[in-house]
Each structure stands twice: as structure tokens, then as C-alpha cells.
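J.: Just passing along the structure, written as C-alpha cells.
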Amino acid sequence: MTTTKIQSASTVSPAPTGTGSRGTKVLGGFALVFLIIAVVYGLFISPPDAQLGNTIRIIYMHVPTVMAAYLAFIITAVSSGMYLWKRTEFWDLLGSSGAEIGVLFFAVTIVDGALWGKVTWGVFWRWEPRLTTSAVLLIMYIGYLAVRAIPADPRTRATRCAIIGIVAIVNVPIVHKAVDWWRGLHQGKTVLGTIDPEMGGTQLFAMYSALIAGLLVCVWLLIHRFRAGFLAERASDLGLDQALEERRLESSPATGEDA
Amino acid sequence: MSQSGGVLSDALLVARKDLLLERRAKIGIGQVLPFAILVLLLFAFALDPDRGILKLATPGLFWVTVLFSAVLTLQRSFALEAEDGILEALRLSGMSPAGIYLGKVTALTIELLLLEAVLVLGVAVLYDTKFLGIPLLFAIALLATLGIAGAGAVYGALAARLRSRETLLPLLLLPLLAPVLIAATRGCEVSLEREAMSGWPWAALLGIFALVYLTLGSFLFRPLLEDA
């Protein structure tokens, strides 16, 4: 009984074939519900802001995307440190998944920030401290993904990425401070990216439901990306095993002739 | 830890090796320095010297030139090691990774400071710049260069063994050095009396940057040498 079980387990691949599970389905369901609430309240029910007018509706999206991006980058930084300590595939995959999702959310943040700027300031880009820091940060993590994309031995690639993940996160406060001082010489702070404490009921509700939706979508994507990365590693292992098997089959008739 | 003395003596040994190689091969003087001066000329062509833009932008242009030259110097410094498998040899030599790292940083800092000294002359002659706050200028040049070398040595070693290192190193390094460019440029503007404020906070920021990266590099160089 047990032997057949083991045999069937070895013939049928034990690795999962998809990236979904009951947990991610529940998480995805919650994310969808909060997204719908955020859209309904953010676009239709909540009134325009006293100062920002209808552009506040862009901020309902902007704050969640930037928060999600920072969450993803913090996950990458922690995973990078943990990888150098524990040296396990888990931390490597988690770190690279975080960087990828972080870059995605950061790109969205910069685009919606620029759109907000076009409406509010009349220009897409201003050398505002947060925007500038974001641009530098985005390029740093694109560098991470570029190194990640270079084929290498898994341990080598993981170490390289972990080092970049640590160096990049350490740089975040320094870039922010430098840009803040630099722009501080010429202009004051702007409201982009801050939650106004004076915000009214439905506005606050829209903001918080969007924030929860953004973080849930981020975690949901992260889990799927992690599992896709895990499956890709297993697939490449299988490919290697298959290639080895083929080489063995090639050589076995030759050895037979020799004998 | 190491058999051949402490971290400092290892660092001195590696720095001496790099400087000796540079003195014999003269890549810095023969190729990087002419490139840097060429960039100064190109900036003058791009920004008409008669309209005063060049003079206003001098500190920024100077530091952008230094950053580009630093990328070339780093590539040279680590390509040497990677091609002949010297990084592996250094690893097997029993020297401490932190010592190797600090040695590379020392050699790079000295090379870049010499390059900057010549570039300052170039700026003085070509852009007609008058230097005023000399102590601040010296402090900023030293701290900024330490920061560039400190961060650069980590990514230089990391990129050295990649096939696409020529394109990857600037992509990785230049965003990292954005705060150095900002702080060094603003600090120099203060010392040239373009901005009426104290320049020492900028020097302090450069100092913090250098300290953070030298510490980080000293710790990260071991996994970098062993695995990356």
C-alpha cells in the first residue's frame, strides 16, 4: 500500500501545478471587495475635496500604491538579509518577488503622481522631494531586476540580489534626505501623498478602503509571484534532470558496444 | 582572522598592489583622465560658455564628470581582478574580505582624488572658475570621493563577473550615488558662494553616506567574494 503510494507520488509530480490555493482565493476575494468599495466611494459617493477638488480621487489611488510598493521593498530588504543569514531558496524567492511587485507598484505610483501633477500644477513632473526620491528608487530596483534576469548558478544569483537588496534599502533614507534638503532650498512641501487629518467621513472611508485594497492586492500578487518563481525553479530542475537522463541514454549503447 | 596580519595591513597591501598596477599600466592617466577632460569640453559645446550657463552649472558638471570617470575607473579596477581570476586568488590568500574591500576603496579614492585635482585645474582654466571656500571644498571632495569609492567597490566587485558588466555597473551605481551628486554639487555651490548658506551640513551628509557604505561594504564583501 505504502509502496504504491510512494511510487505514484514519484511518477506524478509532487510539486503543485498552479499558484492558487484556498488561502489566496479568500485573500483575492477580500481584495476585490475592498477594491469595489474603494472605487464606488472614491469615484462616486465621496464629495470633492475643499482644496484639491476632484483630484483627491487620484490620491485615493496614489497613497495605496506607494504604501504597497514600500511594503514590497521592505519585504525584499528583510528577505535579502535573511538570505545571507539562512541561505535558503525561500528567502531568495521572497526577496525577488518583492522587488518585482515593488517595481510594478512604484511605476504605477509615479504615473498617477505625474497625472495628479498635470492637473494640479499644470506639469507632469516637478522636482518635488517625494517624486524625485521615487524616481531614483525605481531605477535602483530596476537594476536589481536586471541582475536577477542574468542567468547564473542559483546561489550566486541569490547572493548578488541579496546584496543589492540590502544596499538599495539603506540608500532610501539618504536619497530622501538629500532630495529633501535640495528641494527645501527652493520650495515648500506639497500635499501629495499625505492623508489630510481634516478629511471628512466618506473621504476617509474611501481612502482607508483603498489603502486596505492596495495592501491586499500587493500581498496577493506577492504570494502568486513567489509560487510562480518556485514553480519556475522546479521546472528548470526538471529540465536539468531530463537532460541528464537523455545524456545517460545516449551513452548507454556506446558502453554496451565497448563491453 | 587572517594569517597575514590585521584588516588594516591587508588593506594597505591591496591598495599598494592596485596603485602599483595603475602606475605601470597608466590607464587612469592615459584613458580616464583624457575622457574626463573631453567631457568638460563637450559640456562647454552643449552649454554656450558666453551665456553664463556654463559658469552657473560648473559644480554640477564637475561632479557628473567625476561620476562618469569613477564608473570607468571602477570597471578597470575590477575587470583586472575578474579576468585573471585574481578575486579567487585573493579569497584563497587568507586575507580578510574587509581588508581587501578597504584596500580597493583606498586605491580608488586616491586615484579619483588625483583625477579630481586635475579636473579642478581644467575647470579653473576652461570655465574660468574662482575657488573661494577652500577648506569646505577639500572636505567635500574627500568625503564625496570616499562615498563614491565605498559604494562603487561593492557594485564593482558584484558586476565584475557578469558578462553585461559594462551596461549593468552604471545602472546599478549611478542611482545609488544620486545623493552624493546632490550633496557634493550643492556643497560646492556654497563654497563658490553661489548659495548664501552653510555648506557643512552637505559635507556631513556626504560623511554619513561614506560611513554607511564603508561599513556596509566591509560586511558584504565576504558573501560577495565567496558567492557572487
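To be explicit about the labels: the chains of the C-alpha cells are called A, B, and onward in the order shown, and within each one the residues are counted from 1, while ligands get numbers from 1 in the order they are shown.
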With only C-alpha atoms as the counted atoms, please give the residues lying no more than 8 Å from Val147 in chain A, apart from itself and same-chain residues fewer than 3 positions off, as a list in words.
T.: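 Surrounding residues, per the criterion: Gly143, Tyr144, Ile150, Arg157, Arg160 and Cys161 of chain A; Leu168 of chain B.
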J.: How about saving the chosen residues, all heavy atoms kept, as a tab-separated table (two decimals), in the first residue's frame?
T.:
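The result, stored in again-v5.tsv:
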```tsv
chain	number	residue	atom	x	y	z
A	143	GLY	N	17.54	48.01	-11.53
A	143	GLY	CA	18.87	47.41	-11.55
A	143	GLY	C	18.88	46.04	-10.88
A	143	GLY	O	19.49	45.09	-11.37
A	144	TYR	N	18.16	45.94	-9.75
A	144	TYR	CA	18.03	44.65	-9.05
A	144	TYR	C	17.44	43.61	-10.00
A	144	TYR	O	17.97	42.50	-10.14
A	144	TYR	CB	17.12	44.84	-7.83
A	144	TYR	CG	16.82	43.58	-7.04
A	144	TYR	CD1	17.45	43.35	-5.83
A	144	TYR	CD2	15.89	42.65	-7.49
A	144	TYR	CE1	17.17	42.21	-5.09
A	144	TYR	CE2	15.60	41.51	-6.76
A	144	TYR	CZ	16.24	41.30	-5.55
A	144	TYR	OH	15.95	40.16	-4.83
A	150	ILE	N	19.87	37.93	-15.15
A	150	ILE	CA	21.05	37.32	-15.75
A	150	ILE	C	21.16	35.87	-15.29
A	150	ILE	O	21.17	35.60	-14.09
A	150	ILE	CB	22.32	38.11	-15.35
A	150	ILE	CG1	22.25	39.49	-15.97
A	150	ILE	CG2	23.57	37.38	-15.80
A	150	ILE	CD1	23.34	40.40	-15.49
A	157	ARG	N	23.40	33.92	-7.99
A	157	ARG	CA	22.39	34.91	-8.33
A	157	ARG	C	21.71	35.41	-7.05
A	157	ARG	O	21.49	36.61	-6.88
A	157	ARG	CB	21.36	34.28	-9.27
A	157	ARG	CG	20.40	35.27	-9.86
A	157	ARG	CD	19.37	34.58	-10.72
A	157	ARG	NE	18.59	33.62	-9.94
A	157	ARG	CZ	17.58	32.92	-10.41
A	157	ARG	NH1	17.21	33.05	-11.67
A	157	ARG	NH2	16.92	32.07	-9.65
A	160	ARG	N	24.05	37.82	-5.13
A	160	ARG	CA	24.10	39.12	-5.79
A	160	ARG	C	22.85	39.94	-5.48
A	160	ARG	O	22.93	41.11	-5.12
A	160	ARG	CB	24.17	38.94	-7.31
A	160	ARG	CG	25.51	38.52	-7.83
A	160	ARG	CD	25.39	38.25	-9.32
A	160	ARG	NE	26.62	37.65	-9.82
A	160	ARG	CZ	26.67	36.87	-10.88
A	160	ARG	NH1	25.58	36.59	-11.57
A	160	ARG	NH2	27.82	36.38	-11.28
A	161	CYS	N	21.69	39.29	-5.64
A	161	CYS	CA	20.43	40.00	-5.43
A	161	CYS	C	20.29	40.44	-3.98
A	161	CYS	O	19.82	41.54	-3.70
A	161	CYS	CB	19.25	39.13	-5.84
A	161	CYS	SG	19.18	38.94	-7.61
B	168	LEU	N	25.63	47.16	-16.88
B	168	LEU	CA	24.98	47.00	-15.58
B	168	LEU	C	25.57	47.89	-14.51
B	168	LEU	O	24.85	48.43	-13.68
B	168	LEU	CB	25.11	45.54	-15.13
B	168	LEU	CG	23.87	44.71	-15.26
B	168	LEU	CD1	24.12	43.33	-14.70
B	168	LEU	CD2	22.68	45.34	-14.57
```
J.: Using only C-alpha atoms, select each residue of chain A with any atom at most 8 Å away from an atom of chain B, and give the selection as a list in words.
T.: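 That gives the following set of residues: Leu84, Val136, Leu137, Ile139, Met140, Gly143, Tyr144, Ala146, Val147, Arg155, Thr156, Arg157, Thr159, Arg160, Ile163, Val167, Ala168, Asn171, Ile174, Val175, Ala178, Val179 and Trp182 of chain A.
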J.: Limited to N, CA and C atoms, could you put the picked residues into a file as a PDB file, in the first residue's frame?
T.:
```
ATOM      1  N   LEU A  84      21.151  36.046   3.330  1.00  0.00           N
ATOM      2  CA  LEU A  84      22.587  35.986   3.628  1.00  0.00           C
ATOM      3  C   LEU A  84      22.849  35.231   4.930  1.00  0.00           C
ATOM      4  N   VAL A 136      14.455  57.862  -8.375  1.00  0.00           N
ATOM      5  CA  VAL A 136      15.775  57.272  -8.130  1.00  0.00           C
ATOM      6  C   VAL A 136      15.613  55.841  -7.628  1.00  0.00           C
ATOM      7  N   LEU A 137      14.662  55.672  -6.700  1.00  0.00           N
ATOM      8  CA  LEU A 137      14.419  54.367  -6.104  1.00  0.00           C
ATOM      9  C   LEU A 137      13.962  53.348  -7.152  1.00  0.00           C
ATOM     10  N   ILE A 139      14.640  53.270 -10.294  1.00  0.00           N
ATOM     11  CA  ILE A 139      15.747  52.837 -11.150  1.00  0.00           C
ATOM     12  C   ILE A 139      16.672  51.889 -10.385  1.00  0.00           C
ATOM     13  N   MET A 140      16.856  52.139  -9.076  1.00  0.00           N
ATOM     14  CA  MET A 140      17.683  51.217  -8.285  1.00  0.00           C
ATOM     15  C   MET A 140      17.122  49.808  -8.322  1.00  0.00           C
ATOM     16  N   GLY A 143      17.538  48.007 -11.527  1.00  0.00           N
ATOM     17  CA  GLY A 143      18.874  47.407 -11.547  1.00  0.00           C
ATOM     18  C   GLY A 143      18.880  46.040 -10.876  1.00  0.00           C
ATOM     19  N   TYR A 144      18.160  45.939  -9.751  1.00  0.00           N
ATOM     20  CA  TYR A 144      18.028  44.655  -9.050  1.00  0.00           C
ATOM     21  C   TYR A 144      17.444  43.607  -9.998  1.00  0.00           C
ATOM     22  N   ALA A 146      17.400  43.652 -13.200  1.00  0.00           N
ATOM     23  CA  ALA A 146      18.315  43.382 -14.316  1.00  0.00           C
ATOM     24  C   ALA A 146      19.344  42.331 -13.913  1.00  0.00           C
ATOM     25  N   VAL A 147      19.870  42.448 -12.695  1.00  0.00           N
ATOM     26  CA  VAL A 147      20.836  41.446 -12.224  1.00  0.00           C
ATOM     27  C   VAL A 147      20.139  40.105 -12.043  1.00  0.00           C
ATOM     28  N   ARG A 155      22.776  29.966  -6.348  1.00  0.00           N
ATOM     29  CA  ARG A 155      23.385  30.532  -5.142  1.00  0.00           C
ATOM     30  C   ARG A 155      24.077  31.869  -5.453  1.00  0.00           C
ATOM     31  N   THR A 156      24.775  31.910  -6.588  1.00  0.00           N
ATOM     32  CA  THR A 156      25.451  33.141  -6.997  1.00  0.00           C
ATOM     33  C   THR A 156      24.442  34.249  -7.230  1.00  0.00           C
ATOM     34  N   ARG A 157      23.402  33.921  -7.991  1.00  0.00           N
ATOM     35  CA  ARG A 157      22.390  34.914  -8.325  1.00  0.00           C
ATOM     36  C   ARG A 157      21.707  35.414  -7.052  1.00  0.00           C
ATOM     37  N   THR A 159      22.891  35.510  -4.016  1.00  0.00           N
ATOM     38  CA  THR A 159      23.787  36.357  -3.214  1.00  0.00           C
ATOM     39  C   THR A 159      23.879  37.752  -3.810  1.00  0.00           C
ATOM     40  N   ARG A 160      24.047  37.818  -5.131  1.00  0.00           N
ATOM     41  CA  ARG A 160      24.105  39.124  -5.794  1.00  0.00           C
ATOM     42  C   ARG A 160      22.853  39.942  -5.479  1.00  0.00           C
ATOM     43  N   ILE A 163      22.622  41.195  -1.881  1.00  0.00           N
ATOM     44  CA  ILE A 163      23.496  42.346  -1.623  1.00  0.00           C
ATOM     45  C   ILE A 163      22.861  43.625  -2.177  1.00  0.00           C
ATOM     46  N   VAL A 167      21.769  46.979  -0.032  1.00  0.00           N
ATOM     47  CA  VAL A 167      22.348  48.281  -0.362  1.00  0.00           C
ATOM     48  C   VAL A 167      21.247  49.272  -0.755  1.00  0.00           C
ATOM     49  N   ALA A 168      20.268  48.795  -1.531  1.00  0.00           N
ATOM     50  CA  ALA A 168      19.211  49.685  -2.021  1.00  0.00           C
ATOM     51  C   ALA A 168      18.375  50.244  -0.869  1.00  0.00           C
ATOM     52  N   ASN A 171      19.962  52.907   1.124  1.00  0.00           N
ATOM     53  CA  ASN A 171      20.075  54.174   0.400  1.00  0.00           C
ATOM     54  C   ASN A 171      18.792  55.016   0.460  1.00  0.00           C
ATOM     55  N   ILE A 174      18.835  58.044   2.760  1.00  0.00           N
ATOM     56  CA  ILE A 174      19.875  59.005   2.349  1.00  0.00           C
ATOM     57  C   ILE A 174      19.408  59.792   1.131  1.00  0.00           C
ATOM     58  N   VAL A 175      18.835  59.069   0.153  1.00  0.00           N
ATOM     59  CA  VAL A 175      18.311  59.765  -1.029  1.00  0.00           C
ATOM     60  C   VAL A 175      17.237  60.750  -0.597  1.00  0.00           C
ATOM     61  N   ALA A 178      18.730  63.843   1.097  1.00  0.00           N
ATOM     62  CA  ALA A 178      19.451  64.706   0.146  1.00  0.00           C
ATOM     63  C   ALA A 178      18.462  65.486  -0.719  1.00  0.00           C
ATOM     64  N   VAL A 179      17.453  64.754  -1.237  1.00  0.00           N
ATOM     65  CA  VAL A 179      16.492  65.404  -2.128  1.00  0.00           C
ATOM     66  C   VAL A 179      15.657  66.423  -1.359  1.00  0.00           C
ATOM     67  N   TRP A 182      17.724  69.473  -0.792  1.00  0.00           N
ATOM     68  CA  TRP A 182      17.972  70.092  -2.094  1.00  0.00           C
ATOM     69  C   TRP A 182      16.763  70.913  -2.524  1.00  0.00           C
TER      70      TRP A 182
END
```
J.: Distance CA of Ile212 in chain A-CA of Ala135 in chain A, one decimal place?
T.: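 Computing the Euclidean distance for CA of Ile212 in chain A and CA of Ala135 in chain A yields 24.5 Å.
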J.: Can you measure CA of Leu221 in chain A to CA of Gly239 in chain A for me? One decimal in Å is fine.
T.: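 That distance, rounded to one decimal, is 26.4 Å.
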J.: What are the DSSP alpha helix (DSSP H) residues of chain B, as a PyMOL selection string?
T.: chain B and resi 7-25+27+33-46+53-83+86-92+97-126+134-160+165-176+178-191+200-227
J.: Calculate how many Å separate CA of Lys17 in chain B from CA of Ala79 in chain B, rounding to one decimal.
T.: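 Atom-to-atom, CA of Lys17 in chain B and CA of Ala79 in chain B are spaced 14.7 Å apart.
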J.: Considering only C-alpha atoms, can you say which of A:Gly18, A:Gly95, A:Leu115, A:Pro173 comes closest to Tyr83 in chain A?
T.: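 For Tyr83 in chain A, the nearest of the given residues is A:Gly95.
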J.: Using only C-alpha atoms, find the one residue out of B:Leu92, B:Leu136, B:Leu126, B:Ile100 that sits nearest to Ser198 in chain B.
T.: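 Using only C-alpha atoms, Ser198 in chain B sits closest to B:Leu136.
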J.: Between B:Gly6, B:Leu67, B:Arg161, B:Phe219, which one has atoms that come closest to Glu88 in chain B, using only C-alpha atoms?
T.: B:Arg161
J.: Using only C-alpha atoms, which residue out of B:Gly156, B:Leu47, B:Phe35, B:Ser96 lies closest to Ile164 in chain A?
T.: B:Gly156
J.: Can you tell me, as a list in words, what residues are no more than 8 Å from range 62-66 of chain B when counting only C-alpha atoms, ignoring any on the same chain fewer than 4 positions away?
T.: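 Everything that qualifies: Ala36, Val39, Leu40, Thr58, Ala70, Leu112, Glu116, Leu119, Val123, Leu181, Ala184 and Thr185 of chain B.
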J.: For Ile53 in chain B, work out the shell of residues within 12 Å, counting only C-alpha atoms and skipping chain neighbours fewer than 6 positions away, then give it as a PyMOL selection string.
T.: chain B and resi 43-47+59-61+127
J.: Could the residues in this selection be saved with C-alpha atoms as a JSON list (two decimals), in the first residue's frame?
T.:
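As written to disk, again-v3.json reads:
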```
[["chain", "number", "residue", "atom", "x", "y", "z"],
["B", 43, "PHE", "CA", 29.68, 70.36, -21.74],
["B", 44, "ALA", "CA", 31.13, 73.65, -22.97],
["B", 45, "PHE", "CA", 29.94, 72.84, -26.51],
["B", 46, "ALA", "CA", 26.49, 71.89, -25.27],
["B", 47, "LEU", "CA", 26.05, 74.89, -22.95],
["B", 59, "PRO", "CA", 29.81, 72.40, -9.73],
["B", 60, "GLY", "CA", 27.18, 70.04, -11.13],
["B", 61, "LEU", "CA", 29.07, 69.44, -14.35],
["B", 127, "TYR", "CA", 35.25, 77.51, -17.26]]
```
J.: Please provide as a compact mmCIF listing (two decimals) with C-alpha atoms, in the first residue's frame all residues within 12 Å of Arg227 in chain A, with the sequence filter that same-chain residues fewer than 4 positions apart are discarded (counting only C-alpha atoms).
T.:
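Printed below is part_22.txt as written:
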```txt
# COMPACT_ATOMS: atom_id res chain seq x y z
CA ALA A 15 5.08 19.88 -6.99
CA PRO A 16 1.93 21.99 -7.24
CA THR A 17 0.94 22.86 -10.77
CA GLY A 18 -0.77 26.20 -10.09
CA THR A 19 -0.15 29.26 -7.98
CA GLY A 20 -3.60 29.49 -6.43
CA SER A 21 -4.82 27.95 -3.21
CA THR A 24 -5.13 33.12 -1.98
CA GLU A 89 15.58 29.34 -1.51
CA PHE A 90 12.54 30.65 0.35
CA LEU A 93 12.37 33.85 -3.95
CA LEU A 94 10.54 36.08 -1.48
CA SER A 96 12.94 38.76 -5.76
CA SER A 97 9.14 38.56 -5.74
CA TRP A 220 -1.99 38.54 -3.13
CA LEU A 221 0.31 39.31 -6.06
CA LEU A 222 3.35 38.60 -3.92
CA ILE A 223 2.14 35.12 -2.97
CA LEU A 231 7.49 26.51 -9.93
CA ALA A 232 9.95 28.02 -12.41
CA GLU A 233 12.85 26.76 -10.28
CA ARG A 234 11.31 23.27 -10.15
```
J.: Counting only C-alpha atoms, figure out which residue out of B:Gly150, B:Gly133, B:Gly122, B:Gly207 gets nearest to Leu102 in chain B.
T.: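 Ranked by minimum distance to Leu102 in chain B, first place goes to B:Gly150.
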J.: Determine the nearest neighbour of Ile45 in chain A from the options A:Arg248, A:Gln203, A:Thr132, A:Val123, counting only C-alpha atoms.
T.: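 Selected residue with least distance to Ile45 in chain A: A:Gln203.
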